[in-house]
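*Asks:* This is the content of final-v4.txt (compact mmCIF, C-alpha atoms):
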# COMPACT_ATOMS: atom_id res chain seq x y z
CA MET Q 10 19.71 -57.33 -9.69
CA THR Q 11 17.63 -60.23 -11.03
CA PRO Q 12 14.44 -58.98 -12.74
CA GLN Q 13 11.26 -60.37 -11.21
CA PRO Q 14 8.44 -60.81 -13.75
CA ASN Q 15 5.21 -58.96 -12.95
CA PRO Q 16 3.17 -58.76 -16.17
CA GLN Q 17 0.07 -57.45 -14.38
CA ALA Q 18 1.95 -54.40 -13.07
CA GLY Q 19 3.46 -53.87 -16.53
CA ALA Q 20 0.02 -53.92 -18.13
CA ALA Q 21 -1.18 -51.25 -15.69
CA VAL Q 22 1.86 -49.05 -16.44
CA LYS Q 23 1.29 -49.45 -20.17
CA ALA Q 24 -2.44 -48.70 -19.89
CA ALA Q 25 -1.84 -45.48 -17.94
CA ASP Q 26 0.84 -44.42 -20.42
CA ARG Q 27 -1.42 -45.00 -23.39
CA ALA Q 28 -4.29 -43.17 -21.72
CA HIS Q 29 -2.44 -40.08 -20.53
CA VAL Q 30 1.19 -39.65 -21.69
CA PHE Q 31 1.79 -37.56 -24.82
CA HIS Q 32 5.10 -38.74 -26.26
CA SER Q 33 7.66 -36.60 -28.07
CA TRP Q 34 8.42 -36.94 -31.79
CA SER Q 35 5.61 -39.50 -32.21
CA ALA Q 36 2.26 -40.15 -33.82
CA GLN Q 37 0.54 -41.03 -30.58
CA GLU Q 38 -1.62 -43.92 -31.81
CA LEU Q 39 1.19 -45.57 -33.77
CA ILE Q 40 3.64 -46.19 -30.93
CA ASP Q 41 3.94 -49.04 -28.45
CA PRO Q 42 6.30 -47.96 -25.63
CA LEU Q 43 8.03 -50.68 -23.65
CA ALA Q 44 7.05 -50.62 -19.97
CA VAL Q 45 10.32 -50.51 -18.03
CA ALA Q 46 10.40 -52.13 -14.61
CA GLY Q 47 13.94 -51.19 -13.58
CA ALA Q 48 17.53 -50.53 -14.57
CA GLU Q 49 21.00 -51.00 -13.15
CA GLY Q 50 24.44 -50.41 -14.64
CA SER Q 51 24.33 -51.03 -18.38
CA TYR Q 52 21.03 -52.93 -18.33
CA PHE Q 53 17.31 -52.35 -18.02
CA TRP Q 54 14.40 -54.80 -17.97
CA ASP Q 55 10.70 -55.02 -18.63
CA TYR Q 56 7.85 -56.39 -16.50
CA ASP Q 57 8.11 -59.79 -18.20
CA GLY Q 58 11.63 -60.08 -16.77
CA LYS Q 59 13.41 -59.68 -20.11
CA ARG Q 60 16.69 -57.83 -19.68
CA TYR Q 61 18.32 -55.61 -22.32
CA LEU Q 62 21.89 -54.36 -22.62
CA ASP Q 63 21.37 -50.65 -23.28
CA LEU Q 64 23.46 -49.71 -26.31
CA THR Q 65 21.83 -46.25 -26.31
CA SER Q 66 22.66 -44.98 -22.79
CA GLY Q 67 19.06 -43.75 -22.70
CA LEU Q 68 19.33 -40.88 -25.18
CA VAL Q 69 23.13 -40.98 -24.94
CA TYR Q 70 23.13 -39.52 -21.46
CA ALA Q 71 23.48 -42.36 -18.93
CA ASN Q 72 27.26 -42.07 -19.11
CA ILE Q 73 27.81 -43.76 -15.73
CA GLY Q 74 24.98 -46.24 -16.26
CA TYR Q 75 21.79 -46.55 -14.25
CA GLN Q 76 21.44 -46.25 -10.48
CA HIS Q 77 25.07 -45.62 -9.62
CA PRO Q 78 24.94 -45.88 -5.81
CA LYS Q 79 27.18 -42.88 -5.12
CA VAL Q 80 25.09 -40.55 -7.26
CA VAL Q 81 21.82 -41.89 -5.89
CA ALA Q 82 23.16 -41.32 -2.36
CA ALA Q 83 24.24 -37.76 -3.24
CA ILE Q 84 20.74 -36.94 -4.50
CA GLN Q 85 19.19 -38.38 -1.35
CA GLU Q 86 21.59 -36.46 0.86
CA GLN Q 87 20.92 -33.19 -0.99
CA ALA Q 88 17.16 -33.75 -0.77
CA ALA Q 89 17.44 -34.18 2.99
CA HIS Q 90 19.56 -31.03 3.29
CA LEU Q 91 18.12 -28.53 0.77
CA THR Q 92 15.76 -29.81 -1.88
CA THR Q 93 15.46 -26.59 -3.88
CA PHE Q 94 16.38 -22.94 -3.78
CA ALA Q 95 16.02 -19.97 -6.13
CA PRO Q 96 18.84 -19.37 -8.64
CA ALA Q 97 19.75 -15.87 -7.43
CA PHE Q 98 21.43 -17.24 -4.32
CA ALA Q 99 24.81 -18.90 -3.79
CA VAL Q 100 24.17 -22.55 -2.94
CA GLU Q 101 26.91 -25.06 -2.17
CA ALA Q 102 25.87 -27.72 -4.68
CA ARG Q 103 25.49 -25.13 -7.44
CA SER Q 104 28.82 -23.47 -6.72
CA GLU Q 105 30.67 -26.77 -6.54
CA ALA Q 106 29.12 -28.11 -9.74
CA ALA Q 107 30.13 -24.93 -11.57
CA ARG Q 108 33.67 -25.17 -10.19
CA LEU Q 109 34.09 -28.80 -11.22
CA ILE Q 110 32.76 -28.14 -14.72
CA ALA Q 111 34.91 -25.03 -15.23
CA GLU Q 112 37.93 -27.01 -14.03
CA ARG Q 113 37.48 -29.33 -17.02
CA THR Q 114 36.37 -27.00 -19.80
CA PRO Q 115 39.01 -25.88 -22.31
CA GLY Q 116 40.60 -22.43 -22.28
CA ASP Q 117 38.91 -19.69 -20.31
CA LEU Q 118 35.37 -21.12 -20.34
CA ASP Q 119 35.22 -20.49 -16.61
CA LYS Q 120 31.72 -19.08 -16.08
CA ILE Q 121 28.81 -21.54 -16.04
CA PHE Q 122 25.21 -20.58 -16.80
CA PHE Q 123 22.95 -23.44 -15.75
CA THR Q 124 19.86 -24.51 -17.68
CA ASN Q 125 17.43 -27.42 -17.44
CA GLY Q 126 18.80 -29.28 -20.44
CA GLY Q 127 20.60 -29.09 -23.77
CA ALA Q 128 17.99 -27.31 -25.89
CA ASP Q 129 17.64 -24.34 -23.55
CA ALA Q 130 21.44 -24.25 -23.22
CA VAL Q 131 21.59 -23.76 -26.99
CA GLU Q 132 18.85 -21.11 -26.80
CA HIS Q 133 20.86 -19.12 -24.26
CA ALA Q 134 24.16 -19.56 -26.07
CA VAL Q 135 22.60 -18.06 -29.20
CA ARG Q 136 21.08 -15.21 -27.18
CA MET Q 137 24.45 -14.46 -25.59
CA ALA Q 138 26.17 -14.46 -28.97
CA ARG Q 139 23.61 -12.12 -30.51
CA LEU Q 140 23.80 -9.68 -27.62
CA HIS Q 141 27.60 -9.84 -27.50
CA THR Q 142 27.99 -9.10 -31.24
CA GLY Q 143 24.90 -7.03 -31.95
CA ARG Q 144 24.26 -9.28 -34.95
CA ALA Q 145 21.33 -11.55 -35.75
CA LYS Q 146 22.22 -14.50 -37.99
CA VAL Q 147 23.47 -17.87 -36.81
CA LEU Q 148 25.09 -20.45 -39.10
CA SER Q 149 24.61 -24.15 -38.37
CA ALA Q 150 25.24 -27.37 -40.23
CA TYR Q 151 22.99 -29.74 -42.05
CA ARG Q 152 23.15 -33.17 -40.42
CA SER Q 153 22.99 -31.75 -36.91
CA TYR Q 154 20.69 -31.74 -33.91
CA HIS Q 155 20.57 -28.93 -31.35
CA GLY Q 156 17.29 -29.46 -29.49
CA GLY Q 157 13.53 -29.27 -29.70
CA THR Q 158 12.80 -25.71 -28.51
CA GLN Q 159 12.02 -23.08 -31.12
CA GLN Q 160 15.47 -21.61 -31.79
CA ALA Q 161 17.27 -24.90 -31.22
CA VAL Q 162 15.06 -26.86 -33.59
CA ASN Q 163 15.56 -24.24 -36.29
CA LEU Q 164 19.31 -24.61 -35.85
CA THR Q 165 18.89 -28.36 -36.25
CA GLY Q 166 19.80 -29.75 -39.64
CA ASP Q 167 17.66 -32.88 -39.78
CA PRO Q 168 13.98 -33.41 -40.70
CA ARG Q 169 12.73 -32.72 -37.18
CA ARG Q 170 13.20 -29.06 -38.07
CA TRP Q 171 10.87 -29.01 -41.03
CA ALA Q 172 7.52 -28.74 -39.24
CA SER Q 173 8.69 -25.71 -37.24
CA ASP Q 174 10.84 -23.96 -39.84
CA THR Q 175 9.17 -20.77 -41.06
CA ALA Q 176 12.48 -19.32 -42.34
CA THR Q 177 12.22 -16.51 -39.78
CA ALA Q 178 14.63 -17.71 -37.10
CA GLY Q 179 17.74 -16.04 -38.51
CA VAL Q 180 19.39 -19.40 -39.25
CA VAL Q 181 21.49 -20.26 -42.31
CA HIS Q 182 22.55 -23.85 -42.87
CA PHE Q 183 25.77 -25.05 -44.48
CA TRP Q 184 27.47 -28.37 -45.21
CA ALA Q 185 29.96 -29.64 -42.65
CA PRO Q 186 32.56 -32.31 -43.54
CA TYR Q 187 31.41 -35.91 -43.99
CA LEU Q 188 33.87 -37.72 -46.23
CA TYR Q 189 31.81 -40.89 -46.71
CA ARG Q 190 29.08 -38.82 -48.38
CA SER Q 191 31.13 -35.78 -49.32
CA ARG Q 192 29.26 -32.78 -50.72
CA PHE Q 193 32.59 -31.51 -52.02
CA TYR Q 194 33.65 -34.47 -54.22
CA ALA Q 195 36.58 -35.00 -51.88
CA GLU Q 196 38.61 -38.20 -51.90
CA THR Q 197 40.80 -37.56 -48.84
CA GLU Q 198 40.36 -36.03 -45.40
CA GLU Q 199 42.67 -33.20 -46.43
CA GLN Q 200 40.49 -32.36 -49.42
CA GLU Q 201 37.32 -32.61 -47.34
CA THR Q 202 38.70 -30.20 -44.74
CA ALA Q 203 39.93 -27.66 -47.28
CA ARG Q 204 36.77 -27.73 -49.38
CA ALA Q 205 34.39 -27.66 -46.41
CA LEU Q 206 36.21 -24.61 -45.01
CA GLU Q 207 36.14 -22.91 -48.41
CA HIS Q 208 32.39 -23.59 -48.60
CA LEU Q 209 31.88 -22.13 -45.12
CA GLU Q 210 33.92 -19.03 -45.88
CA THR Q 211 31.98 -18.50 -49.10
CA THR Q 212 28.73 -18.83 -47.15
CA ILE Q 213 29.96 -16.23 -44.67
CA ALA Q 214 30.95 -13.89 -47.51
CA PHE Q 215 27.63 -14.16 -49.31
CA GLU Q 216 25.55 -13.86 -46.13
CA GLY Q 217 27.60 -10.86 -45.01
CA PRO Q 218 30.15 -11.29 -42.21
CA GLY Q 219 28.78 -8.29 -40.35
CA THR Q 220 25.36 -9.94 -40.06
CA ILE Q 221 26.52 -13.20 -38.46
CA ALA Q 222 26.51 -13.52 -34.68
CA ALA Q 223 27.60 -17.14 -34.33
CA ILE Q 224 28.54 -20.39 -35.95
CA ILE Q 225 27.33 -23.39 -33.96
CA LEU Q 226 28.57 -26.93 -34.48
CA GLU Q 227 28.30 -30.16 -32.57
CA THR Q 228 31.96 -30.91 -31.88
CA VAL Q 229 31.24 -34.47 -32.99
CA PRO Q 230 27.72 -34.64 -34.44
CA GLY Q 231 25.69 -37.17 -32.48
CA THR Q 232 22.20 -38.14 -33.61
CA ALA Q 233 23.05 -37.08 -37.17
CA GLY Q 234 25.66 -39.79 -37.52
CA ILE Q 235 28.79 -39.44 -35.33
CA MET Q 236 30.90 -37.90 -38.09
CA VAL Q 237 34.23 -37.12 -36.39
CA PRO Q 238 35.50 -33.95 -38.10
CA PRO Q 239 38.67 -34.42 -40.14
CA PRO Q 240 41.97 -32.95 -38.91
CA GLY Q 241 42.14 -29.20 -39.17
CA TYR Q 242 38.45 -28.51 -39.71
CA LEU Q 243 37.45 -27.20 -36.28
CA ALA Q 244 40.68 -25.21 -36.05
CA GLY Q 245 39.79 -23.71 -39.43
CA VAL Q 246 36.32 -22.75 -38.22
CA ARG Q 247 37.91 -21.16 -35.15
CA GLN Q 248 40.18 -19.11 -37.46
CA LEU Q 249 37.23 -17.97 -39.61
CA CYS Q 250 35.30 -16.91 -36.52
CA ASP Q 251 38.28 -14.90 -35.28
CA GLN Q 252 38.77 -13.34 -38.71
CA TYR Q 253 35.17 -12.15 -39.02
CA GLY Q 254 34.33 -11.42 -35.38
CA ILE Q 255 31.88 -14.32 -35.14
CA VAL Q 256 31.18 -16.18 -31.90
CA PHE Q 257 32.15 -19.86 -32.14
CA VAL Q 258 29.72 -22.12 -30.26
CA LEU Q 259 30.41 -25.82 -29.74
CA ASP Q 260 27.47 -28.00 -28.78
CA GLU Q 261 28.80 -30.74 -26.48
CA VAL Q 262 25.43 -31.84 -25.13
CA MET Q 263 25.95 -35.37 -26.42
CA ALA Q 264 29.71 -35.49 -27.00
CA GLY Q 265 30.75 -34.00 -23.65
CA PHE Q 266 31.62 -35.56 -20.30
CA GLY Q 267 33.68 -38.46 -21.49
CA ARG Q 268 31.66 -39.76 -24.43
CA THR Q 269 34.58 -39.35 -26.85
CA GLY Q 270 37.20 -40.57 -24.37
CA GLU Q 271 38.01 -37.01 -23.27
CA TRP Q 272 36.16 -34.81 -20.81
CA PHE Q 273 35.07 -32.71 -23.77
CA ALA Q 274 35.35 -33.56 -27.46
CA ALA Q 275 36.98 -30.15 -28.05
CA ASP Q 276 40.04 -31.58 -26.31
CA LEU Q 277 40.49 -34.02 -29.19
CA PHE Q 278 41.04 -31.11 -31.57
CA ASP Q 279 42.82 -28.61 -29.29
CA VAL Q 280 40.12 -26.03 -30.02
CA THR Q 281 38.50 -23.61 -27.58
CA PRO Q 282 35.12 -22.11 -28.51
CA ASP Q 283 33.66 -18.88 -27.15
CA LEU Q 284 30.63 -20.68 -25.77
CA MET Q 285 30.09 -24.37 -25.12
CA THR Q 286 26.79 -26.05 -24.32
CA PHE Q 287 26.48 -29.19 -22.21
CA ALA Q 288 23.81 -31.40 -20.59
CA LYS Q 289 23.14 -35.18 -20.63
CA GLY Q 290 26.38 -36.70 -19.29
CA VAL Q 291 27.04 -33.87 -16.81
CA ASN Q 292 25.07 -35.89 -14.27
CA SER Q 293 24.23 -38.96 -16.34
CA GLY Q 294 20.69 -37.65 -16.74
CA TYR Q 295 19.76 -38.51 -13.13
CA VAL Q 296 18.15 -35.07 -12.67
CA PRO Q 297 17.64 -32.68 -15.64
CA LEU Q 298 20.57 -30.27 -16.00
CA GLY Q 299 22.33 -28.41 -18.78
CA GLY Q 300 24.32 -25.28 -19.20
CA VAL Q 301 26.56 -22.92 -21.13
CA ALA Q 302 30.25 -22.51 -20.40
CA VAL Q 303 31.08 -18.88 -21.11
CA SER Q 304 34.41 -17.37 -22.15
CA GLY Q 305 35.97 -14.38 -20.41
CA ALA Q 306 35.24 -12.00 -23.28
CA ILE Q 307 31.55 -12.82 -23.40
CA ALA Q 308 31.25 -12.85 -19.61
CA GLU Q 309 32.75 -9.34 -19.65
CA THR Q 310 29.92 -8.16 -21.94
CA PHE Q 311 27.53 -8.84 -19.09
CA ALA Q 312 29.74 -7.68 -16.23
CA ARG Q 313 27.89 -4.37 -15.92
CA ARG Q 314 25.06 -5.02 -18.35
CA PRO Q 315 22.36 -7.41 -17.15
CA TYR Q 316 22.04 -10.63 -19.06
CA PRO Q 317 18.35 -10.76 -20.08
CA GLY Q 318 17.65 -14.42 -19.44
CA GLY Q 319 17.14 -16.97 -16.72
CA LEU Q 320 15.22 -20.03 -15.57
CA THR Q 321 13.32 -20.81 -12.39
CA TYR Q 322 15.29 -24.01 -11.94
CA SER Q 323 18.70 -22.77 -13.09
CA GLY Q 324 21.29 -24.68 -11.09
CA HIS Q 325 18.69 -26.71 -9.21
CA PRO Q 326 20.35 -28.10 -6.06
CA LEU Q 327 19.29 -31.72 -6.70
CA ALA Q 328 20.58 -31.59 -10.27
CA CYS Q 329 23.82 -29.92 -9.24
CA ALA Q 330 24.40 -32.39 -6.40
CA ALA Q 331 23.99 -35.17 -8.97
CA ALA Q 332 26.50 -33.39 -11.22
CA VAL Q 333 29.05 -33.06 -8.42
CA ALA Q 334 28.71 -36.74 -7.56
CA THR Q 335 28.83 -37.81 -11.22
CA ILE Q 336 31.96 -35.82 -12.02
CA ASN Q 337 33.68 -37.10 -8.89
CA VAL Q 338 32.69 -40.70 -9.67
CA MET Q 339 33.96 -40.34 -13.23
CA ALA Q 340 37.30 -39.08 -11.93
CA GLU Q 341 37.63 -41.62 -9.12
CA GLU Q 342 36.65 -44.63 -11.23
CA GLY Q 343 38.53 -43.67 -14.38
CA ILE Q 344 35.36 -43.68 -16.45
CA VAL Q 345 36.64 -41.28 -19.12
CA GLU Q 346 39.76 -43.39 -19.48
CA ASN Q 347 37.63 -46.53 -19.71
CA ALA Q 348 35.67 -45.02 -22.60
CA LYS Q 349 38.89 -44.13 -24.38
CA ASN Q 350 40.69 -47.42 -23.79
CA LEU Q 351 37.81 -49.83 -24.38
CA GLY Q 352 36.74 -47.79 -27.38
CA ALA Q 353 40.14 -48.20 -28.99
CA SER Q 354 40.95 -51.76 -27.91
CA VAL Q 355 37.58 -53.51 -28.06
CA VAL Q 356 34.80 -51.45 -29.62
CA GLU Q 357 36.56 -50.23 -32.76
CA PRO Q 358 38.17 -53.56 -33.71
CA GLY Q 359 34.95 -55.38 -32.87
CA LEU Q 360 32.86 -53.12 -35.09
CA ARG Q 361 35.37 -53.31 -37.92
CA GLU Q 362 35.31 -57.09 -37.70
CA LEU Q 363 31.50 -56.98 -37.99
CA ALA Q 364 31.86 -54.75 -41.05
CA GLU Q 365 34.09 -57.34 -42.72
CA ARG Q 366 31.48 -60.04 -42.19
CA HIS Q 367 28.35 -58.10 -43.09
CA GLY Q 368 27.77 -56.58 -46.52
CA CYS Q 369 25.19 -54.17 -45.13
CA VAL Q 370 27.85 -52.16 -43.27
CA GLY Q 371 29.08 -49.31 -45.43
CA GLU Q 372 31.21 -47.46 -42.90
CA VAL Q 373 32.35 -47.69 -39.29
CA ARG Q 374 33.24 -44.39 -37.65
CA GLY Q 375 33.62 -42.91 -34.20
CA VAL Q 376 35.87 -42.36 -31.20
CA GLY Q 377 35.82 -43.30 -27.52
CA MET Q 378 32.43 -44.84 -26.70
CA PHE Q 379 30.75 -42.94 -29.56
CA TRP Q 380 30.41 -45.08 -32.71
CA ALA Q 381 28.16 -45.43 -35.74
CA LEU Q 382 27.60 -48.13 -38.32
CA GLU Q 383 26.19 -46.78 -41.57
CA LEU Q 384 24.09 -49.47 -43.22
CA VAL Q 385 23.78 -49.63 -47.00
CA LYS Q 386 22.01 -51.66 -49.65
CA ASN Q 387 25.13 -51.73 -51.78
CA ARG Q 388 28.69 -51.01 -50.66
CA GLU Q 389 29.79 -49.93 -54.13
CA THR Q 390 27.05 -47.36 -54.70
CA ARG Q 391 26.70 -46.54 -50.96
CA GLU Q 392 22.93 -46.44 -51.37
CA PRO Q 393 21.48 -46.22 -47.84
CA LEU Q 394 19.75 -49.34 -46.55
CA VAL Q 395 16.58 -47.23 -46.23
CA PRO Q 396 15.80 -43.87 -47.87
CA TYR Q 397 16.47 -40.60 -46.06
CA ASN Q 398 13.83 -40.00 -43.38
CA ALA Q 399 12.09 -43.26 -44.28
CA ALA Q 400 8.90 -44.27 -42.50
CA GLY Q 401 6.46 -47.16 -42.60
CA GLU Q 402 7.18 -49.89 -45.13
CA ALA Q 403 10.11 -47.90 -46.55
CA ASN Q 404 11.84 -48.35 -43.19
CA ALA Q 405 11.28 -52.12 -43.04
CA ALA Q 406 14.97 -53.04 -43.16
CA MET Q 407 15.93 -50.92 -40.15
CA ALA Q 408 12.82 -52.04 -38.27
CA ALA Q 409 13.82 -55.65 -38.83
CA PHE Q 410 17.37 -54.90 -37.70
CA GLY Q 411 16.11 -53.25 -34.51
CA ALA Q 412 13.72 -56.08 -33.71
CA ALA Q 413 16.50 -58.64 -34.16
CA ALA Q 414 18.84 -56.76 -31.81
CA LYS Q 415 16.16 -56.60 -29.12
CA LYS Q 416 15.39 -60.27 -29.50
CA ALA Q 417 19.12 -60.91 -28.98
CA GLY Q 418 18.99 -58.96 -25.71
CA ALA Q 419 20.38 -55.55 -26.70
CA TRP Q 420 18.47 -52.29 -27.10
CA PRO Q 421 19.89 -50.58 -30.22
CA PHE Q 422 20.18 -46.93 -31.17
CA VAL Q 423 18.60 -46.72 -34.62
CA ASN Q 424 18.34 -43.52 -36.66
CA MET Q 425 17.60 -43.50 -40.38
CA ASN Q 426 20.06 -45.96 -41.98
CA ARG Q 427 22.43 -46.10 -39.01
CA THR Q 428 22.88 -47.85 -35.73
CA HIS Q 429 25.03 -46.20 -33.07
CA PHE Q 430 27.09 -48.06 -30.50
CA VAL Q 431 26.86 -45.77 -27.46
CA PRO Q 432 26.62 -47.80 -24.22
CA PRO Q 433 27.41 -46.31 -20.80
CA LEU Q 434 31.05 -45.22 -20.47
CA ASN Q 435 31.70 -47.59 -17.56
CA VAL Q 436 30.56 -50.59 -19.58
CA SER Q 437 32.76 -53.65 -19.06
CA GLU Q 438 34.70 -55.50 -21.73
CA SER Q 439 32.39 -58.50 -21.40
CA GLU Q 440 29.34 -56.27 -21.83
CA VAL Q 441 30.86 -54.69 -24.94
CA LYS Q 442 31.40 -58.16 -26.39
CA GLU Q 443 27.83 -59.09 -25.50
CA GLY Q 444 26.63 -56.02 -27.39
CA LEU Q 445 28.79 -56.82 -30.39
CA ALA Q 446 27.37 -60.34 -30.48
CA ALA Q 447 23.82 -58.99 -30.49
CA LEU Q 448 24.72 -56.61 -33.32
CA ASP Q 449 26.23 -59.52 -35.23
CA THR Q 450 22.87 -61.30 -35.08
CA ALA Q 451 20.92 -58.19 -36.07
CA LEU Q 452 23.26 -57.33 -38.96
CA SER Q 453 22.66 -60.79 -40.40
CA VAL Q 454 19.00 -59.79 -40.68
CA ALA Q 455 19.93 -56.44 -42.29
CA ASP Q 456 22.10 -58.32 -44.80
CA GLU Q 457 18.93 -59.86 -46.21
CA TYR Q 458 17.90 -56.43 -47.50
CA THR Q 459 21.09 -55.74 -49.45
CA ASP Q 460 21.53 -56.07 -53.20
In structure tokens, what does this structure look like?
*Replies:*
Amino acid sequence: MTPQPNPQAGAAVKAADRAHVFHSWSAQELIDPLAVAGAEGSYFWDYDGKRYLDLTSGLVYANIGYQHPKVVAAIQEQAAHLTTFAPAFAVEARSEAARLIAERTPGDLDKIFFTNGGADAVEHAVRMARLHTGRAKVLSAYRSYHGGTQQAVNLTGDPRRWASDTATAGVVHFWAPYLYRSRFYAETEEQETARALEHLETTIAFEGPGTIAAIILETVPGTAGIMVPPPGYLAGVRQLCDQYGIVFVLDEVMAGFGRTGEWFAADLFDVTPDLMTFAKGVNSGYVPLGGVAVSGAIAETFARRPYPGGLTYSGHPLACAAAVATINVMAEEGIVENAKNLGASVVEPGLRELAERHGCVGEVRGVGMFWALELVKNRETREPLVPYNAAGEANAAMAAFGAAAKKAGAWPFVNMNRTHFVPPLNVSESEVKEGLAALDTALSVADEYTD
């Protein structure tokens, strides 16, 4: 589709937004949202007709890109047939979505509890774990994000937690592996795995194993930096959970549904959790949907005992119809395979080539279509290009980087001192190269801020 400029319409959209929309995670008078006129495939455009290659997939959810015709048609067909129905009933779209998801989850995660998104999926996973074990505490990692609702944001390990953290949520944080900035003075992946597991086991011991209901981890942390766990770490966490009777929860809200080149990131590590949360890519964000995949043992806890939780829109027919269509499209069009193959053959070598040319790139890491560039002032000291949680003038380098990428026609994912390369999973090779070229331009600007 060729964007048709209409600045007057864009001004009206912007004016109404500024007058009435209260935006998340923002100081309302300090933001200037782009008015979006449309989107298709891997691109979106504004009312001035400027088109952007979306390197963010929205918020890392548009896994099949924007406006996929088969998913749009499925939503329209479901709306004509049965727009909505209460969650206590068996509905075809809901049943089929659950079947297709369970068909792809690892192990015996065969029961699907539907939610409206990822944060409430995490809320319910924690509730299930606490009721299943009769324990209260939950362990989660620093450098993590689990959602913006009250329990989920307290589980989160980044600064978005701070304003809501009253130390009463029953959450204990620990350090997960991250070799580039190791908290364990490790020099190899093997050392990082062993020392991170020793740290976790010590935390369990000092908190009291009998008080801990669950350990929750993003299988591959997303917003916090796409740190792919080193070999053996997740298997080690699984073993610790088994040893101490702790429920193992994997958060696959961002990493799931093909993002890592597998249906679920857990498949990369041959690990099966007791509970697994999902959202985002399950239907490419076309209609809000999330959920918890539940193991047989935890499902059995609630076989004759009511589960005390639910949502008005649990398994909403429109959302589930979008999920059915999305999963089928992903299978028919080889979208998961595309993420895996292009990630390995084009994205990774392209990003590593950029790292060789630009002194601001400290590390390249990722898998599938899930990559991060960590930007630094100095490669030797690994000092971040901007300070942790920088704002205002302190964040000037990353702001300049982002502005340069947009000027070059790509919308970047920027968080702290990182940019993530996370386009839709059905992105083409030529689009990947277009994105890499835009990053090349923007990294040249970031280079100006290095020592």
*Asks:* Can you tell me, as a ChimeraX atom specification, what residues are no more than 7 Å from Ala223 (chain Q) when counting only C-alpha atoms, ignoring any on the same chain fewer than 4 positions away?
*Replies:* /Q:138,147-148,255-258
*Asks:* In Å, rounded to a single decimal, give me how far CA of Ser66 (chain Q) is from CA of Glu86 (chain Q).
*Replies:*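 Here the two named atoms are 25.2 Å from each other.
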*Asks:* Work out how far apart CA of Leu445 (chain Q) and CA of Asn387 (chain Q) are and give it in Å to one decimal.
*Replies:*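 For CA of Leu445 (chain Q) relative to CA of Asn387 (chain Q), the distance reads 22.3 Å.
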*Asks:* In Å, rounded to a single decimal, give me how far CA of Asn72 (chain Q) is from CA of Gly371 (chain Q).
*Replies:* 27.4 Å
*Asks:* Just the residues within 6 Å of region 270-275 of chain Q, please, counting only C-alpha atoms, with nothing from its chain fewer than 4 positions along; format it as a list of chain:residue names.
*Replies:* Q:Ala264, Q:Gly265, Q:Phe266, Q:Val280, Q:Val345, Q:Ala348, Q:Lys349, Q:Gly377
*Asks:* Considering all atoms listed in the file, can you say which of Q:Leu277, Q:Val441, Q:Ala21, Q:Leu68 comes closest to Pro238 (chain Q)?
*Replies:* Q:Leu277
*Asks:* Measuring atom to atom with all atoms listed in the file, identify which of Q:Leu209, Q:Ala451, Q:Ala24, Q:Val333 is nearest to Ala409 (chain Q).
*Replies:*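 Closest residue, counting all atoms listed in the file: Q:Ala451.
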*Asks:* Leaving out Thr165 (chain Q) and any residue of its chain fewer than 3 positions from it, which residues lie within 12 Å of it when counting only C-alpha atoms, given as a count of residues only?
*Replies:* 39
*Asks:* Which neighbours of Ala20 (chain Q) fall inside 12 Å, counting all atoms listed in the file, when residues of the same chain fewer than 2 positions from it are skipped, and could you give them as a list in words?
*Replies:* Pro14, Asn15, Pro16, Gln17, Ala18, Val22, Lys23, Ala24, Ala25, Asp26, Arg27, Pro42, Leu43, Ala44, Val45, Ala46, Asp55, Tyr56 and Asp57 of chain Q
*Asks:* Name the closest residue to Ala417 (chain Q) among the candidates Q:Leu62, Q:Arg247, Q:Gly290, Q:Gly116; distances are taken between atoms, counting only C-alpha atoms.
*Replies:*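 Checking each of Q:Leu62, Q:Arg247, Q:Gly290, Q:Gly116 against Ala417 (chain Q), counting only C-alpha atoms, the winner is Q:Leu62.
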*Asks:* Can you pull out the residues contacting Gly411 (chain Q)? Cut-off 9 Å, using all atoms listed in the file, and skip same-chain residues under 6 positions away; I want them as a ChimeraX atom specification.
*Replies:* /Q:420-423,428,451
*Asks:* Which residue, Q:Gly143, Q:Phe53, Q:Tyr458, Q:Phe123, has the smallest gap to Ala97 (chain Q) when you use all atoms listed in the file?
*Replies:*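 Smallest distance to Ala97 (chain Q) is found for Q:Phe123.
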*Asks:* Using all atoms listed in the file, pick whichever of Q:Gln248, Q:Thr286, Q:Ser104, Q:Thr321 has the shortest atom-to-atom distance to Ala134 (chain Q).
*Replies:*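 Residue with the minimum atom-to-atom distance to Ala134 (chain Q): Q:Thr286.
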*Asks:* Give the answer as one residue: which of Q:Glu392, Q:Glu346, Q:Glu341, Q:Glu457 has the shortest atom-to-atom distance to His367 (chain Q), using all atoms listed in the file?
*Replies:*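 Checking each of Q:Glu392, Q:Glu346, Q:Glu341, Q:Glu457 against His367 (chain Q), counting all atoms listed in the file, the winner is Q:Glu457.
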